[in-house]
Structure formats: structure tokens, C-alpha cells
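Worksheet for the structure shown next.
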Amino acid sequence: MTESSEWLIYRGAGEPHDGMSRLPPPPPWRDFAGRDSADGGDGSRERGGDGSRQRRLGAHRHLAELHRPGAEELEMINAALYLRRPLLVTGSPGAGKSTLAHSVAYELGLGDVLRWSIVSRSALQDGLYHYDAIARLQDVQIAAQGGFGAAAGSPGSVEAIGSYIRLGPLGTALLPSDTPRVLLIDELDKSDIDLPNDLLNVLEEGEFEIPELQRIADRLPDGEAEVLTADGAKVRIRDGRVRCRAFPFVVLTSNGERDFPAPLLRRCIHLELGRPDHNRLATFVRAHLGDEAARAGDDLITRFLERSRSELLAADQLLNAIYLTDAAAPPSRDRLADLLIQRLDRPR
């Protein structure tokens, strides 16, 4: 094997070998095994813990600690806080839109950020709550076969309905509390045409109803049902209505793939983030890969910024390039980095 191919795991030679044993640990954002996730490095895991989620939260928290907003960004964030209005943040991929939400939550002690990642099929109902009627029907049938019928606490009883309802990120953010939660509605521009309009009433009124609970409220003890929240807690809902006391700090992000209706824009504080500078990108790399990788990849950051003046690039591509060229040390480092950082607006 030549020196130029030493970094290759798959060689394309048609011969089995033990190359997988040389594969380095995955980048933090692709570590599904969750190694060293809960207790400081001995390989054990906290009971019930999600190691990958904890690692992602750790990276977000580190970014939040290092985030230093510009003057306009600082003013618009505070305007949204004062006015209790959603903050619509637009900008190119990697501009720091989602980091903003984590930075506010971290500095103001508002807990973990609730995140609703939007796709083309996302509907308002997904953000508010989900009622699993099929699971309840199946459990009722199983209970009936066991002779339990609709006894108190069984799946068929009115008290049990809350076990089949889970609030979504938006529904959880609207729960009554003395301090607001932070809600990140990420990449709203990927939604279908209806969702921005569907959000208007909920964001204006700060409340919503759960009809499945309202229909049976008079048969529930004190009119309350216990349901799960998006982050796994249990809360009691009275009369099937969720109404906030402190309006959540809502960050809507968009990569600019579409325009939004005027009624939504009127209800939001709009912040446009420019292209990230060298310091912000270095902070981004440092939060995910550490100081040493950020120093080693400084030249790649500079080249990324130069190219981004005329090409649409994403900061995730820069992370991939710095991780791979650092972990694998290929001889053709610059060429491999260019292959990984390909323009997203390439003419077809």
C-alpha cells in the first residue's frame, strides 16, 4: 500500500481486509453509540439516557456560551423579548440562526430549547399535540380480552385518555409557567404553503384546545387529564385547554427558500443575519471539534469564507472537511476539502 492510500479504509481492491479496525471515532454529530455520554468518560451510560442527544445538547450549549451577537442581532432579540413576539431569523445556512435560540436559553436560564424541525409534510397539529387513537383502541381490545373492560385505569376508561396524548414542541412551549420556554421552529421555509398561516392564531392568542379532552372534561376528576410533554415530563391539562402565562421566546428560522405571508411577518420581529465571519466560523468549529481542530483548520475556514462570497455553502460542509482532513490526514488535503465543500447552488 502506497503512502498516498494509507488513509483509505475502503481500497476498492476486491480483497477483504481489516481496515475497519483503523476507522477513527465518528464526528460528534454522527456518534449514534453515545460513547462517554453521561458520566465523564468511562464508557458507561446513564440509565435511560440518550448519549447522542446529550452530545448534541453539549455542542449547542458550548456554542451558546461562545456566541457573541452583533449590535443589530442583540437589539432584535431584546425587542422580541420585550414585545413577546416571535423572532423570524433569516440567513444563509451556517449563519448561526439556531445558535441564537440556544444562546438566549442558556444566558437567561430558560432550560433546554424545544425544537420543531419543519419538513414539507409538517402541519400545525404536529407542533401542538398527537393523540394516538390507534394505540388506545388496540389496548382496549387487549384489555377486553383479559376481562378488564372499562374499569378505572384501564385503556377504555376516561382517566386513561391522557396516556395516549403527547404535546408537541409548540404545545409544550405554551404550557402555563412563570418564565417562558424557548421554542425553535427550524427551517419554516421548508413547510407547505398552509403552515405559516395556520400558525398565526396560536402565536397571536398563546393558547389552543385539545378536543379529545374537552369532550370528556366533565367526566374527568376535576376536569383534568395527565399528558406527556415533548421533553418527557408529565403535566395536567384542565378542561382540554392549554394557555400560556408567559409567552415563549419563539425563534422561527428560514434559509430564504420562500417568502412568507404578510400577516405572519406583521406578527414577528424580523432579523436578517449576514454571512458568518472568520471568528464566528472558528467558534462554530471549536464548539464541535475543539480548539486544536479549529487551529488546524484555520486555513480551510479562510478558504471557505473566500468561496462563500460567490458560492452558496453551508457551515456543516466546513465541519465535515475539517474533521476528515484532521482525523484521516490524507495527502491530498486541499483537494479532498474542495470535494467535500461543494457549492449548493451549482448550475445544473
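In the C-alpha cells, chains take the letters A, B, ... in the order shown, each chain's residues start at 1, and ligands count up from 1 in the order shown.
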
Using only C-alpha atoms, which residues of segment 204-315 of chain A come within 9 Å of segment 65-78 of chain A, and what is the closest atom pair for each, with the distance in Å to one decimal? Give it as a tab-separated table, sorted by chain and residue number.
residue	atom	partner	partner_atom	distance
A:Ile269	CA	A:Met76	CA	6.9
A:His270	CA	A:Met76	CA	7.5
A:Leu271	CA	A:Met76	CA	6.5
A:Glu272	CA	A:Glu73	CA	8.3
A:Leu273	CA	A:Glu73	CA	7.7
A:Arg280	CA	A:His67	CA	7.8
A:Thr283	CA	A:Leu66	CA	6.7
A:Phe284	CA	A:Leu66	CA	8.7
A:Ala287	CA	A:Leu66	CA	8.0

Surrounding residues of Ala321 of chain A excluding itself and chain neighbours under 3 positions, 8 Å, only C-alpha atoms, as a count of residues only = 8

Contact table segment 71-117 of chain A vs segment 299-310 of chain A, cut-off 12 Å, shortest pair per residue, only C-alpha atoms, as a Markdown table:
| residue | atom | partner | partner_atom | distance |
| --- | --- | --- | --- | --- |
| A:Ser92 | CA | A:Ser308 | CA | 10.1 |
| A:Pro93 | CA | A:Ser308 | CA | 10.9 |
| A:Gly94 | CA | A:Ser308 | CA | 11.1 |
| A:Ala95 | CA | A:Ser308 | CA | 11.5 |

request  = For segment 224-238 of chain A, please output as an MDAnalysis selection string all residues within 12 Å (counting only C-alpha atoms; exclusion window: fewer than 3 positions along the same chain).
outcome  = chainID A and resid 48 53 111:116 126:132 157:177 181 183 208:221 241:244

message = I need the residues of segment 121-327 of chain A that end up classed as helix (DSSP H, G or I) by DSSP on the backbone, written out as number ranges by chain.
response = A: 124-128, 133-145, 158-164, 169-173, 188-190, 195-205, 211-214, 217-219, 221-223, 262-266, 278-289, 291-296, 298-308, 315-327

Close residues, segment 249-254 of chain A itself excluded, 7 Å, only C-alpha atoms, min 6 positions apart in chain, as a ChimeraX atom specification = /A:81,86-91,97,101,180-189

Step one, run DSSP on the backbone; step two, keep only residues of segment 189-283 of chain A assigned to strand (DSSP E or B); then write them as a PDB file with C-alpha atoms, in the first residue's frame.
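part24.pdb, freshly written:
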ATOM      1  CA  GLU A 207     -53.403  29.066  23.555  1.00  0.00           C
ATOM      2  CA  PHE A 208     -55.000  26.048  21.898  1.00  0.00           C
ATOM      3  CA  GLU A 209     -57.588  23.373  22.632  1.00  0.00           C
ATOM      4  CA  GLU A 224     -58.012  17.285  34.421  1.00  0.00           C
ATOM      5  CA  ALA A 225     -56.036  14.728  32.426  1.00  0.00           C
ATOM      6  CA  GLU A 226     -52.343  13.938  32.726  1.00  0.00           C
ATOM      7  CA  VAL A 227     -50.418  14.027  29.447  1.00  0.00           C
ATOM      8  CA  LEU A 228     -46.791  13.825  28.321  1.00  0.00           C
ATOM      9  CA  LYS A 234     -45.999  14.756  32.803  1.00  0.00           C
ATOM     10  CA  VAL A 235     -48.395  17.679  33.197  1.00  0.00           C
ATOM     11  CA  ARG A 236     -52.084  18.044  33.975  1.00  0.00           C
ATOM     12  CA  ILE A 237     -54.382  19.744  31.473  1.00  0.00           C
ATOM     13  CA  ARG A 238     -57.663  21.229  32.751  1.00  0.00           C
ATOM     14  CA  ARG A 241     -57.225  23.862  27.099  1.00  0.00           C
ATOM     15  CA  VAL A 242     -53.562  24.889  27.114  1.00  0.00           C
ATOM     16  CA  ARG A 243     -52.994  28.591  27.751  1.00  0.00           C
ATOM     17  CA  PHE A 249     -39.457  33.021  23.192  1.00  0.00           C
ATOM     18  CA  VAL A 250     -40.123  31.679  19.702  1.00  0.00           C
ATOM     19  CA  VAL A 251     -37.387  31.657  17.060  1.00  0.00           C
ATOM     20  CA  LEU A 252     -38.536  30.922  13.507  1.00  0.00           C
ATOM     21  CA  THR A 253     -35.644  30.258  11.134  1.00  0.00           C
ATOM     22  CA  SER A 254     -35.582  30.391   7.349  1.00  0.00           C
ATOM     23  CA  ILE A 269     -39.706  40.687  14.708  1.00  0.00           C
ATOM     24  CA  HIS A 270     -37.523  40.109  11.647  1.00  0.00           C
ATOM     25  CA  LEU A 271     -33.762  39.661  11.890  1.00  0.00           C
ATOM     26  CA  GLU A 272     -31.595  39.082   8.817  1.00  0.00           C
TER      27      GLU A 272
END

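Rounded to one decimal, atom CA of Pro331 of chain A and atom CA of Leu289 of chain A lie 21.0 Å from each other.
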
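Distances from A:Gln125, A:Asn197, A:Asn279, A:Ser21 to Ala262 of chain A were compared using only C-alpha atoms, and the smallest one belongs to A:Asn197.
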
remark   = Students should find that atom CA of Asp194 of chain A and atom CA of Ser98 of chain A are spaced 22.9 Å

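The space separating atom CA of Tyr106 of chain A from atom CA of Arg30 of chain A comes to 23.7 Å.
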
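Considering only C-alpha atoms, the residue among A:Glu257, A:Ala296, A:Leu124, A:Trp29 positioned nearest to Arg333 of chain A is A:Ala296.
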
query = Which of these, A:Gln145, A:Val140, A:Gly96, A:Phe32, has the shortest distance to Asp277 of chain A once you count only C-alpha atoms?
reply =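 Looking only at the distances to Asp277 of chain A, the closest residue turns out to be A:Gly96.
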
message = Would you pick out the contacts of Ile9 of chain A at 8 Å or less, using only C-alpha atoms, so that residues sharing its chain but fewer than 6 positions from it are not included, and give the list as a list in words?
response =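 Near Ile9 of chain A, the qualifying residues are Gly19, Met20, Arg22 and Leu23 of chain A.
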
Using only C-alpha atoms, please write the residues we just selected to a file, as a compact mmCIF listing (two decimals), in the first residue's frame.
# COMPACT_ATOMS: atom_id res chain seq x y z
CA GLY A 19 -9.35 -1.81 7.52
CA MET A 20 -12.39 -1.13 9.73
CA ARG A 22 -8.35 1.65 11.72
CA LEU A 23 -11.51 3.74 11.40

task = For Pro261 of chain A, list every protein, DNA or RNA residue within 10 Å, evaluated using only C-alpha atoms, and leave out those in the same chain fewer than 3 positions away; present the list as a ChimeraX atom specification.
result = /A:193-194,196-197,258,264-266
